[in-house]
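Structure file structure-v8.cif; described as mmCIF, C-alpha atoms and all ligand atoms.
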```cif
data_work
loop_
_atom_site.label_atom_id
_atom_site.label_comp_id
_atom_site.auth_asym_id
_atom_site.auth_seq_id
_atom_site.Cartn_x
_atom_site.Cartn_y
_atom_site.Cartn_z
CA MET T 1 7.62 14.47 -0.40
CA ARG T 2 8.44 13.45 3.16
CA ILE T 3 10.94 10.63 3.70
CA LEU T 4 10.86 9.10 7.17
CA ILE T 5 13.79 6.78 7.79
CA HIS T 6 12.99 4.53 10.73
CA SER T 7 15.60 2.49 12.55
CA ASP T 8 13.95 -0.84 11.78
CA TYR T 9 10.82 -2.50 10.44
CA ASP T 10 9.09 -2.77 13.85
CA ARG T 11 9.43 0.91 14.51
CA LEU T 12 8.30 1.73 10.96
CA SER T 13 5.22 -0.49 11.32
CA LYS T 14 4.22 1.06 14.66
CA TRP T 15 4.67 4.54 13.25
CA VAL T 16 2.52 3.81 10.18
CA ALA T 17 -0.24 2.19 12.27
CA HIS T 18 -0.33 5.14 14.66
CA TYR T 19 -0.38 7.55 11.74
CA VAL T 20 -3.33 5.77 10.10
CA ALA T 21 -5.27 5.40 13.37
CA GLY T 22 -4.63 9.07 14.20
CA LYS T 23 -5.97 10.13 10.81
CA ILE T 24 -9.12 8.04 11.22
CA ASN T 25 -9.72 9.42 14.71
CA LYS T 26 -9.14 13.01 13.68
CA ALA T 27 -11.60 12.68 10.79
CA GLN T 28 -14.35 11.53 13.20
CA PRO T 29 -15.95 9.52 10.41
CA THR T 30 -19.67 8.77 10.25
CA PRO T 31 -21.66 6.39 8.02
CA GLU T 32 -22.52 9.38 5.79
CA ASN T 33 -18.98 10.70 5.78
CA PRO T 34 -16.64 7.73 6.15
CA TYR T 35 -12.84 7.78 6.20
CA VAL T 36 -11.63 6.15 2.97
CA LEU T 37 -8.44 4.11 3.00
CA GLY T 38 -6.58 2.56 0.08
CA LEU T 39 -4.79 -0.62 1.12
CA PRO T 40 -1.97 -2.81 -0.16
CA THR T 41 -1.11 -6.47 0.26
CA GLY T 42 2.39 -8.01 0.34
CA SER T 43 4.78 -8.48 3.21
CA SER T 44 5.57 -4.76 3.62
CA PRO T 45 2.29 -3.72 5.34
CA ILE T 46 1.92 -6.82 7.55
CA GLY T 47 3.64 -5.19 10.55
CA ALA T 48 1.42 -2.11 10.28
CA TYR T 49 -1.69 -4.28 10.01
CA GLU T 50 -0.66 -6.17 13.16
CA GLU T 51 -0.24 -2.89 14.99
CA LEU T 52 -3.60 -1.60 13.75
CA VAL T 53 -5.25 -4.76 15.09
CA LYS T 54 -3.55 -4.15 18.45
CA LEU T 55 -4.77 -0.54 18.49
CA TYR T 56 -8.28 -1.69 17.64
CA LYS T 57 -8.24 -4.32 20.40
CA ALA T 58 -7.00 -1.69 22.87
CA GLY T 59 -10.00 0.50 21.94
CA LYS T 60 -7.81 3.20 20.40
CA VAL T 61 -9.39 3.12 16.94
CA SER T 62 -12.54 1.82 15.27
CA PHE T 63 -13.07 0.90 11.63
CA LYS T 64 -16.88 1.05 11.78
CA ASN T 65 -16.97 4.10 9.57
CA VAL T 66 -13.97 3.31 7.43
CA VAL T 67 -14.34 2.31 3.77
CA THR T 68 -11.44 0.48 2.12
CA PHE T 69 -10.31 -0.03 -1.46
CA ASN T 70 -7.59 -2.57 -2.10
CA MET T 71 -4.96 -1.89 -4.73
CA ASP T 72 -5.01 -5.04 -6.75
CA GLU T 73 -5.94 -8.69 -7.22
CA TYR T 74 -4.72 -11.56 -9.34
CA VAL T 75 -6.86 -12.63 -12.27
CA GLY T 76 -8.24 -16.13 -12.22
CA ILE T 77 -7.53 -17.54 -8.78
CA PRO T 78 -10.43 -18.22 -6.40
CA GLU T 79 -11.10 -15.71 -3.61
CA ASP T 80 -10.44 -18.40 -1.02
CA HIS T 81 -7.06 -19.33 -2.54
CA PRO T 82 -4.47 -18.68 0.22
CA GLU T 83 -2.52 -16.38 -2.13
CA SER T 84 -5.46 -14.35 -3.37
CA TYR T 85 -5.42 -10.78 -2.11
CA HIS T 86 -8.98 -11.29 -0.84
CA PHE T 87 -7.74 -14.07 1.41
CA PHE T 88 -4.69 -12.05 2.46
CA MET T 89 -6.79 -9.07 3.57
CA TRP T 90 -9.19 -11.16 5.63
CA ASP T 91 -6.39 -13.16 7.12
CA ASN T 92 -4.15 -10.23 8.05
CA LEU T 93 -6.60 -7.47 8.90
CA PHE T 94 -10.33 -7.60 8.25
CA LYS T 95 -11.22 -10.61 10.37
CA TYR T 96 -9.73 -8.96 13.47
CA ILE T 97 -11.38 -5.53 13.24
CA ASP T 98 -14.89 -4.05 13.28
CA ILE T 99 -15.09 -2.98 9.62
CA PRO T 100 -18.51 -3.79 8.11
CA LYS T 101 -18.20 -6.22 5.21
CA GLU T 102 -20.07 -3.85 2.89
CA ASN T 103 -17.37 -1.19 3.45
CA ILE T 104 -14.68 -3.41 1.95
CA ASN T 105 -13.85 -3.10 -1.76
CA ILE T 106 -11.48 -5.50 -3.50
CA LEU T 107 -11.25 -5.96 -7.26
CA ASP T 108 -12.85 -9.18 -8.47
CA GLY T 109 -10.28 -11.06 -10.54
CA ASN T 110 -12.95 -13.57 -11.53
CA ALA T 111 -15.50 -11.08 -12.87
CA ALA T 112 -17.10 -12.10 -16.17
CA ASP T 113 -16.21 -8.71 -17.66
CA LEU T 114 -12.85 -7.64 -16.24
CA GLU T 115 -12.80 -4.30 -18.02
CA LYS T 116 -16.20 -3.39 -16.61
CA GLU T 117 -15.03 -4.47 -13.16
CA CYS T 118 -12.12 -2.02 -13.42
CA ASN T 119 -14.27 0.86 -14.67
CA ASP T 120 -16.86 0.22 -11.96
CA TYR T 121 -14.12 0.27 -9.32
CA GLU T 122 -13.11 3.79 -10.35
CA GLU T 123 -16.78 4.81 -10.18
CA ARG T 124 -17.11 3.35 -6.68
CA ILE T 125 -14.08 5.34 -5.53
CA LYS T 126 -15.58 8.52 -7.00
CA LYS T 127 -18.97 7.85 -5.46
CA VAL T 128 -17.56 7.65 -1.95
CA GLY T 129 -15.77 10.98 -2.45
CA GLY T 130 -12.27 9.74 -3.30
CA ILE T 131 -9.60 8.13 -1.16
CA ASP T 132 -8.35 10.01 1.90
CA LEU T 133 -5.18 8.04 2.45
CA PHE T 134 -3.69 5.45 0.12
CA LEU T 135 -1.19 3.12 1.78
CA GLY T 136 1.15 1.22 -0.52
CA GLY T 137 4.22 -0.92 -0.85
CA ILE T 138 6.50 -1.39 -3.86
CA GLY T 139 8.03 -4.21 -5.83
CA PRO T 140 11.83 -4.44 -6.13
CA ASP T 141 11.52 -2.74 -9.55
CA GLY T 142 9.73 0.22 -8.00
CA HIS T 143 6.25 -0.76 -9.14
CA ILE T 144 3.28 0.44 -7.16
CA ALA T 145 0.24 -1.87 -6.96
CA PHE T 146 0.80 -3.84 -10.20
CA ASN T 147 1.87 -0.84 -12.27
CA GLU T 148 4.92 -2.44 -13.77
CA PRO T 149 7.80 -0.43 -15.32
CA GLY T 150 6.56 1.52 -18.32
CA SER T 151 3.02 1.93 -17.00
CA SER T 152 1.36 5.24 -17.72
CA LEU T 153 1.86 7.56 -14.79
CA SER T 154 -1.74 8.75 -15.15
CA SER T 155 -3.22 5.26 -15.52
CA LYS T 156 -6.51 4.20 -13.93
CA THR T 157 -7.77 0.80 -12.80
CA ARG T 158 -7.20 -1.84 -15.48
CA ILE T 159 -5.85 -5.27 -16.38
CA LYS T 160 -2.07 -5.62 -16.40
CA THR T 161 0.31 -8.34 -17.52
CA LEU T 162 2.88 -9.08 -14.83
CA THR T 163 6.58 -8.89 -15.64
CA TYR T 164 8.81 -11.92 -15.21
CA ASP T 165 10.57 -10.09 -12.32
CA THR T 166 7.29 -9.76 -10.44
CA ILE T 167 6.22 -13.32 -11.21
CA LEU T 168 9.59 -14.52 -9.91
CA ALA T 169 9.41 -12.31 -6.78
CA ASN T 170 5.88 -13.54 -6.01
CA SER T 171 6.63 -17.21 -6.76
CA ARG T 172 7.84 -17.47 -3.14
CA PHE T 173 4.15 -17.59 -2.22
CA PHE T 174 3.37 -20.21 -4.88
CA ASP T 175 5.68 -23.10 -3.88
CA ASN T 176 8.54 -21.25 -5.63
CA ASP T 177 6.97 -22.32 -8.92
CA VAL T 178 6.72 -19.48 -11.47
CA ASN T 179 4.17 -21.51 -13.44
CA LYS T 180 1.71 -21.32 -10.55
CA VAL T 181 1.80 -17.50 -10.36
CA PRO T 182 -1.05 -15.80 -12.27
CA LYS T 183 0.23 -13.91 -15.30
CA THR T 184 -2.26 -11.06 -15.15
CA ALA T 185 -3.84 -8.94 -12.45
CA LEU T 186 -6.36 -6.15 -11.98
CA THR T 187 -4.78 -3.08 -10.47
CA VAL T 188 -5.57 0.50 -9.63
CA GLY T 189 -3.51 2.83 -11.82
CA VAL T 190 -0.71 5.14 -10.79
CA GLY T 191 -3.19 7.96 -11.43
CA THR T 192 -5.74 6.30 -9.14
CA VAL T 193 -3.23 6.21 -6.28
CA MET T 194 -2.08 9.76 -6.95
CA SER T 195 -5.69 11.03 -6.86
CA ALA T 196 -5.84 10.15 -3.16
CA ARG T 197 -5.62 13.14 -0.83
CA GLU T 198 -2.59 11.58 0.82
CA VAL T 199 -0.27 8.69 -0.14
CA LEU T 200 1.98 6.76 2.26
CA ILE T 201 4.37 4.18 0.83
CA ILE T 202 6.19 1.58 2.95
CA ILE T 203 9.65 0.64 1.63
CA ASN T 204 11.63 -1.75 3.80
CA GLY T 205 14.55 -4.14 3.47
CA TYR T 206 17.66 -4.18 1.31
CA LYS T 207 15.78 -5.70 -1.66
CA LYS T 208 14.03 -2.37 -2.12
CA ALA T 209 17.22 -0.28 -1.76
CA ARG T 210 17.68 0.32 -5.49
CA ALA T 211 14.08 1.40 -5.97
CA LEU T 212 14.24 3.74 -2.96
CA GLN T 213 17.37 5.36 -4.34
CA LYS T 214 15.63 5.91 -7.69
CA VAL T 215 12.51 7.44 -6.22
CA VAL T 216 14.32 9.73 -3.80
CA GLU T 217 17.45 10.77 -5.67
CA GLU T 218 16.37 10.63 -9.32
CA GLY T 219 13.54 12.12 -11.37
CA VAL T 220 9.97 11.07 -12.12
CA ASN T 221 10.21 8.12 -14.49
CA HIS T 222 7.70 5.59 -15.78
CA MET T 223 10.30 2.82 -15.33
CA TRP T 224 10.02 3.31 -11.54
CA THR T 225 6.34 4.04 -11.24
CA VAL T 226 6.45 4.91 -7.54
CA SER T 227 8.62 7.93 -8.47
CA MET T 228 5.35 9.67 -9.42
CA LEU T 229 5.02 10.32 -5.68
CA GLN T 230 7.40 13.23 -6.16
CA LEU T 231 4.53 15.13 -7.80
CA HIS T 232 2.00 14.43 -5.05
CA GLU T 233 1.12 17.25 -2.70
CA HIS T 234 1.05 14.97 0.34
CA GLY T 235 3.34 12.04 -0.32
CA ILE T 236 5.18 10.20 2.47
CA ILE T 237 7.68 7.37 2.25
CA CYS T 238 8.23 5.39 5.42
CA CYS T 239 11.36 3.28 5.05
CA ASP T 240 13.82 1.49 7.30
CA ASP T 241 17.58 1.95 7.53
CA GLU T 242 18.21 -1.21 5.50
CA ALA T 243 16.36 0.16 2.48
CA THR T 244 18.58 3.27 2.39
CA MET T 245 21.68 1.24 1.51
CA GLU T 246 21.93 2.65 -2.03
CA MET T 247 21.29 6.29 -1.13
CA LYS T 248 23.97 8.88 -0.57
CA VAL T 249 25.03 9.34 3.05
CA GLY T 250 24.23 13.02 2.66
CA THR T 251 20.66 12.30 1.50
CA VAL T 252 20.04 9.93 4.40
CA ASN T 253 21.43 12.41 6.93
CA TYR T 254 19.39 15.22 5.41
CA PHE T 255 16.06 13.42 5.78
CA LYS T 256 16.92 12.07 9.23
CA ASP T 257 17.65 15.62 10.31
CA ILE T 258 14.56 17.37 8.95
CA GLU T 259 12.28 14.61 10.23
CA ARG T 260 13.99 14.16 13.61
CA GLU T 261 10.95 15.32 15.60
CA ALA T 262 8.51 13.12 13.68
CA LEU T 263 10.84 10.14 14.08
CA ALA T 264 11.32 10.65 17.83
CA ASP T 265 7.69 9.96 18.74
CA LEU T 266 4.84 7.88 17.38
CA PRO T 267 2.08 10.01 15.81
CA GLU T 268 -0.68 11.02 18.20
CA LEU T 269 -3.84 8.96 18.16
CA GLN T 270 -6.20 11.86 18.82
C1 LIG T 301 3.04 -7.14 -5.32
C2 LIG T 301 1.88 -6.21 -5.05
C3 LIG T 301 2.35 -4.84 -4.62
C4 LIG T 301 3.34 -4.97 -3.49
C5 LIG T 301 4.51 -5.79 -3.97
C6 LIG T 301 5.61 -5.93 -2.93
O1 LIG T 301 3.62 -6.90 -6.54
N1 LIG T 301 1.04 -6.05 -6.18
O2 LIG T 301 1.24 -4.06 -4.23
O3 LIG T 301 3.75 -3.70 -3.06
O4 LIG T 301 4.03 -7.08 -4.31
O5 LIG T 301 5.38 -6.95 -2.04
P1 LIG T 301 6.19 -7.13 -0.70
O6 LIG T 301 5.66 -6.11 0.23
O7 LIG T 301 5.87 -8.52 -0.27
O8 LIG T 301 7.62 -6.93 -1.03
#
```
Output the structure of this file as structure tokens.
Ligand code: GLP
Amino acid sequence: MRILIHSDYDRLSKWVAHYVAGKINKAQPTPENPYVLGLPTGSSPIGAYEELVKLYKAGKVSFKNVVTFNMDEYVGIPEDHPESYHFFMWDNLFKYIDIPKENINILDGNAADLEKECNDYEERIKKVGGIDLFLGGIGPDGHIAFNEPGSSLSSKTRIKTLTYDTILANSRFFDNDVNKVPKTALTVGVGTVMSAREVLIIINGYKKARALQKVVEEGVNHMWTVSMLQLHEHGIICCDDEATMEMKVGTVNYFKDIEREALADLPELQ
């Protein structure tokens, strides 16, 4: 697993956006052979999305032949609710870029049969040939997508009950009222994310410091579901200095040293 410790969130976001755009460009995707991205919501990826929009507007990348699969969606709130993940994705990324609407996949938290919706989602991922690069963020308890502590590390897309910690953390988007936060969500599984050919997780800010310490310095554990990344062949964590607060000085210095070349420059776009 690669750990890239960036000086701050801006630098991290630029790096991630350049990395993603470079991967799309290198793949030279076509309608028959698109580049398939897994995407997260939350505050962590917002900076990278802004940078991707800038790169698109500068003509450095196109999303015409990119297919996306979002990680998760709340159950039971309308798609046009400002806190739905559908709304978030349009508002922060899709409306600014040239991705065809039919290439966008987001779980439907209002489907009549939620279980079928989840199984179909896995089928859709398979049908397009799997996910090339899954981007993700984490919750303060180390959850990936909505795979709360204790989730099976080989889980697939399904319905999950949210923990009180997550409901509390996300209540900031619902007038700070925990009662307004949906109690369940549809989410890809840890296994779904790990089946991607590459996984890149953004971990920024001191609130994520404990989780980062667990995933980097301790073992694979279902209580910190992102720790499964240790077993992925091509796993990358992009974090900022703030998030490393709980790690040993020696660990931080080690990763800064072995990644010094990657950290010095932004990834190439071609
Ligand atoms: C929610 C989402 C996760 C996301 C997490 C962290 O729980 N389901 O996918 O990673 O929030 O959000 P933020 O990036 O705002 O800290």
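You will find CA of Phe146 in chain T at 8.2 Å from CA of Met71 in chain T.
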At what distance in Å, to one decimal, does CA of Asp80 in chain T lie from CA of Gly136 in chain T? 22.8 Å
Near Asp177 in chain T, counting only C-alpha atoms, which residues have an atom at most 10 Å away, once you skip same-chain residues fewer than 6 positions from it, shown as JSON, numbers by chain? {"T": [167, 168, 170, 171]}
T:Arg172, T:Lys256, T:Lys156, T:Arg197 ranked by distance to ligand LIG 301 (chain T), top pick (using all atoms listed in the file): T:Arg172
Spatial neighbours of Asp132 in chain T, max dist 7 Å, all atoms listed in the file, sep filter under 6 positions, as a PyMOL selection string: chain T and resi 35-37+196-198
Expected file contents, prior selection, C-alpha atoms, as an mmCIF file, in the frame of the given file:
```
data_model
loop_
_atom_site.group_PDB
_atom_site.id
_atom_site.type_symbol
_atom_site.label_atom_id
_atom_site.label_comp_id
_atom_site.auth_asym_id
_atom_site.auth_seq_id
_atom_site.Cartn_x
_atom_site.Cartn_y
_atom_site.Cartn_z
ATOM 1 C CA TYR T 35 -12.840 7.780 6.200
ATOM 2 C CA VAL T 36 -11.630 6.150 2.970
ATOM 3 C CA LEU T 37 -8.440 4.110 3.000
ATOM 4 C CA ALA T 196 -5.840 10.150 -3.160
ATOM 5 C CA ARG T 197 -5.620 13.140 -0.830
ATOM 6 C CA GLU T 198 -2.590 11.580 0.820
#
```
Output, as AutoDock Vina command-line options, the centre and edge lengths in Å (one decimal) of the axis-aligned box that contains all listed atoms of ligand LIG 301 (chain T) with 5 Å of margin on each side.
```
--center_x 4.3 --center_y -6.1 --center_z -3.2 --size_x 16.6 --size_y 14.8 --size_z 16.8
```
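Proximity ranking of T:Asn25, T:Asn70, T:Gln213, T:Thr192 relative to ligand LIG 301 (chain T) places T:Asn70 first, based on only C-alpha atoms and all ligand atoms.
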Ser13 in chain T: which residues within 12 Å, counting all atoms listed in the file, same-chain residues fewer than 2 positions away excluded, as a count of residues only? 35
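Among the candidate residues T:Thr166, T:Thr251, T:Asn221, T:Thr244, the one lying nearest to ligand LIG 301 (chain T) is T:Thr166, with distances computed using all atoms listed in the file.
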Using all atoms listed in the file, which protein or nucleic acid residues are at most 6 Å from ligand LIG 301 (chain T), as a ChimeraX atom specification? /T:40-44,137-139,144-146
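Here CA of Met223 in chain T is placed at a distance of 26.7 Å from CA of Asn253 in chain T.
Of the residues listed (T:Ile131, T:Val188, T:Thr161, T:Leu153), T:Leu153 shows the shortest atom-to-atom separation from Gln230 in chain T; distances use all atoms listed in the file.
Minimum distance to Phe174 in chain T across T:Pro31, T:Gly38, T:Pro82, T:Gly76 (counting all atoms listed in the file) occurs at T:Pro82.
Using only C-alpha atoms for every distance, the candidate list T:Asn92, T:Lys26, T:Val67, T:Val75 yields T:Val75 as the residue closest to Ala112 in chain T.
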Take the point (-12.6, -2.2, -8.0) as written in the file and pick out every residue within 9 Å of it, counting only C-alpha atoms; give the list as an MDAnalysis selection string. chainID T and resid 69:72 105:108 117:125 157 186:188
